[in-house]
Amino acid sequence: MKPRVVRAAALTVIALVVASCGGDDTAGDGELPTITEGALTVCTDAPYEPFEMQNEDGSWTGFDMDLMSAIAGNLGLTLEVTIQPFDGIWLAPAAGTCDLVASAMTITEERAEQALFSDGYFDADQSLLVREADAASYPDLESLAGQTIAVQTGTTGEIYARDNTPEGATLKSFDEPAAMFLALESRDVEAILQDLPVNAERAIDQPDAFELTATFPTGEQYGFATSQDQTTLMDAVDAELQALRDDGSYQDIYEAYFGG
């Protein structure tokens, strides 16, 4: 992952590239069903660095949001973002809260029974984050026997932790990642088990405070989600996502946050 300043410069270039890509203006002609005319409304659980972050001026950035901005722009739509808790967020489009969910969300069979997912756009695994001073004591999940491990409610990290809880360990669920990091820093928990890119982001940004000690390969893929009847919208999103891959814009955005 690159420093913030480098990212900002890279994203300025990316924005110019995306703006010049054109894309099919199908939504501008009213062909795509969205809850607000001329806009793509996206639900997300933010902040969730490096996928969804809001700048001081109210604009949005992050890997997911840069993809969403590019897709919405190429569809002739403005991007509108609404924040809600992650637990059950894939049901939001069916409830009319938003058109699409973009929230670093793993595609699972259970979720796919209730929502329509895009093609996978990001590969992810689970991981373990501990305080830097305790890294030698907690090199793996088994070493946390009898300790308290933080997980985020409704996530695949929580599911993985439940299926692999060390003997005598306690899982403590949090609604959002910021609270987990504060709990780890204050010694309310001994580790955080959650998605690898999010833990890695914190370990890189604060190497004197946190250390990533274990990775658990799970073969997960993130996807955008909408209601099951929104096939036209999702077909358009998938087409634009593929177009971003084909013209190199996806790789530019990826490298801005995760390096080569």
# chains A, B, ... in the order shown; residues from 1 in each chain; ligands from 1
$ residues_around --residues "Arg202 in chain A" --least-positions-apart "5" --cutoff "9 Å" --atoms "only C-alpha atoms" --output "PyMOL selection string"
chain A and resi 49+129+181+197+207+210-212
$ write_last_selection --atoms "C-alpha atoms" --output "mmCIF file, in the first residue's frame"
data_model
loop_
_atom_site.group_PDB
_atom_site.id
_atom_site.type_symbol
_atom_site.label_atom_id
_atom_site.label_comp_id
_atom_site.auth_asym_id
_atom_site.auth_seq_id
_atom_site.Cartn_x
_atom_site.Cartn_y
_atom_site.Cartn_z
ATOM 1 C CA GLU A 49 -10.016 1.782 5.046
ATOM 2 C CA LEU A 129 -3.871 -8.140 14.031
ATOM 3 C CA PHE A 181 -8.882 -0.821 16.828
ATOM 4 C CA PRO A 197 -6.494 -5.771 3.529
ATOM 5 C CA PRO A 207 3.744 -0.072 12.592
ATOM 6 C CA PHE A 210 0.063 -2.887 15.520
ATOM 7 C CA GLU A 211 1.423 -5.948 13.750
ATOM 8 C CA LEU A 212 -0.156 -8.446 11.394
#
$ select_by_dssp --residues "range 68-241 of chain A" --states "alpha helix (DSSP H)" --output "VMD selection string"
chain A and resid 68 to 74 109 to 112 156 to 163 177 to 185 196 to 205 231 to 241
$ write_last_selection --atoms "C-alpha atoms" --output "mmCIF file, in the first residue's frame"
data_model
loop_
_atom_site.group_PDB
_atom_site.id
_atom_site.type_symbol
_atom_site.label_atom_id
_atom_site.label_comp_id
_atom_site.auth_asym_id
_atom_site.auth_seq_id
_atom_site.Cartn_x
_atom_site.Cartn_y
_atom_site.Cartn_z
ATOM 1 C CA MET A 68 -18.132 3.184 -7.922
ATOM 2 C CA SER A 69 -17.323 6.739 -9.040
ATOM 3 C CA ALA A 70 -15.924 5.440 -12.313
ATOM 4 C CA ILE A 71 -18.859 3.084 -12.920
ATOM 5 C CA ALA A 72 -21.469 5.718 -12.068
ATOM 6 C CA GLY A 73 -19.752 8.306 -14.267
ATOM 7 C CA ASN A 74 -19.557 5.972 -17.225
ATOM 8 C CA GLU A 109 -24.148 -18.484 -0.753
ATOM 9 C CA GLU A 110 -26.278 -17.267 2.133
ATOM 10 C CA ARG A 111 -26.134 -13.627 1.038
ATOM 11 C CA ALA A 112 -26.708 -14.580 -2.609
ATOM 12 C CA THR A 156 -17.119 -13.442 7.241
ATOM 13 C CA GLY A 157 -14.353 -12.711 9.736
ATOM 14 C CA GLU A 158 -16.840 -13.290 12.540
ATOM 15 C CA ILE A 159 -17.927 -16.557 10.904
ATOM 16 C CA TYR A 160 -14.319 -17.713 10.522
ATOM 17 C CA ALA A 161 -13.578 -16.842 14.143
ATOM 18 C CA ARG A 162 -16.622 -18.764 15.373
ATOM 19 C CA ASP A 163 -15.604 -21.821 13.362
ATOM 20 C CA PRO A 177 -13.792 -1.429 12.710
ATOM 21 C CA ALA A 178 -12.776 1.829 14.420
ATOM 22 C CA ALA A 179 -14.130 0.521 17.720
ATOM 23 C CA MET A 180 -12.145 -2.696 17.297
ATOM 24 C CA PHE A 181 -8.882 -0.821 16.828
ATOM 25 C CA LEU A 182 -9.569 1.290 19.905
ATOM 26 C CA ALA A 183 -10.362 -1.861 21.907
ATOM 27 C CA LEU A 184 -7.094 -3.468 20.822
ATOM 28 C CA GLU A 185 -5.098 -0.352 21.649
ATOM 29 C CA LEU A 196 -6.611 -9.068 5.496
ATOM 30 C CA PRO A 197 -6.494 -5.771 3.529
ATOM 31 C CA VAL A 198 -8.092 -3.818 6.382
ATOM 32 C CA ASN A 199 -5.795 -5.221 9.075
ATOM 33 C CA ALA A 200 -2.817 -4.784 6.749
ATOM 34 C CA GLU A 201 -3.728 -1.140 6.175
ATOM 35 C CA ARG A 202 -3.663 -0.458 9.920
ATOM 36 C CA ALA A 203 -0.399 -2.366 10.438
ATOM 37 C CA ILE A 204 1.284 -0.375 7.675
ATOM 38 C CA ASP A 205 -0.088 2.981 8.830
ATOM 39 C CA THR A 231 -30.800 -7.564 -13.219
ATOM 40 C CA THR A 232 -30.652 -4.698 -15.708
ATOM 41 C CA LEU A 233 -28.740 -2.509 -13.282
ATOM 42 C CA MET A 234 -26.329 -5.271 -12.306
ATOM 43 C CA ASP A 235 -25.684 -6.234 -15.923
ATOM 44 C CA ALA A 236 -24.704 -2.614 -16.562
ATOM 45 C CA VAL A 237 -22.457 -2.533 -13.481
ATOM 46 C CA ASP A 238 -20.734 -5.773 -14.518
ATOM 47 C CA ALA A 239 -20.207 -4.452 -18.034
ATOM 48 C CA GLU A 240 -18.623 -1.249 -16.736
ATOM 49 C CA LEU A 241 -16.508 -3.188 -14.248
#
$ closest_residue --among "A:Ala209, A:Ala115, A:Ala124, A:Ala256" --to "Ala95 in chain A" --atoms "only C-alpha atoms"
A:Ala115
$ closest_atom_pairs --of "range 41-93 of chain A" --to "range 165-175 of chain A" --cutoff "8 Å" --atoms "only C-alpha atoms" --output "Markdown table"
| residue | atom | partner | partner_atom | distance |
| --- | --- | --- | --- | --- |
| A:Pro85 | CA | A:Asp175 | CA | 6.8 |
| A:Phe86 | CA | A:Asp175 | CA | 7.4 |
| A:Asp87 | CA | A:Asp175 | CA | 7.8 |
$ closest_residue --among "A:Leu116, A:Ala104, A:Ile253, A:Ala39" --to "Val81 in chain A" --atoms "only C-alpha atoms"
A:Ala39
$ closest_residue --among "A:Thr148, A:Gln230, A:Gln206, A:Thr155" --to "Ser118 in chain A" --atoms "only C-alpha atoms"
A:Gln230
$ closest_residue --among "A:Ser127, A:Glu176, A:Phe63, A:Ala133" --to "Pro47 in chain A" --atoms "only C-alpha atoms"
A:Glu176
$ select_by_dssp --residues "range 14-210 of chain A" --states "strand (DSSP E)" --output "ChimeraX atom specification"
/A:39-44,53-54,60-61,78-83,100-101,116-117,122-131,148-152,170-174,191-195,210
$ closest_residue --among "A:Pro33, A:Gly248, A:Gly259, A:Gly223" --to "Asp99 in chain A" --atoms "only C-alpha atoms"
A:Pro33
$ residues_around --residues "Gln126 in chain A" --least-positions-apart "5" --cutoff "7 Å" --atoms "only C-alpha atoms" --output "ChimeraX atom specification"
/A:157,193-196,215-218
$ atom_distance --atom1 "CA of Ser227 in chain A" --atom2 "CA of Pro93 in chain A"
5.2 Å
$ residues_around --residues "Tyr250 in chain A" --least-positions-apart "6" --cutoff "9 Å" --atoms "only C-alpha atoms" --output "list in words"
Leu67, Leu241, Gln242, Ala243 and Leu244 of chain A
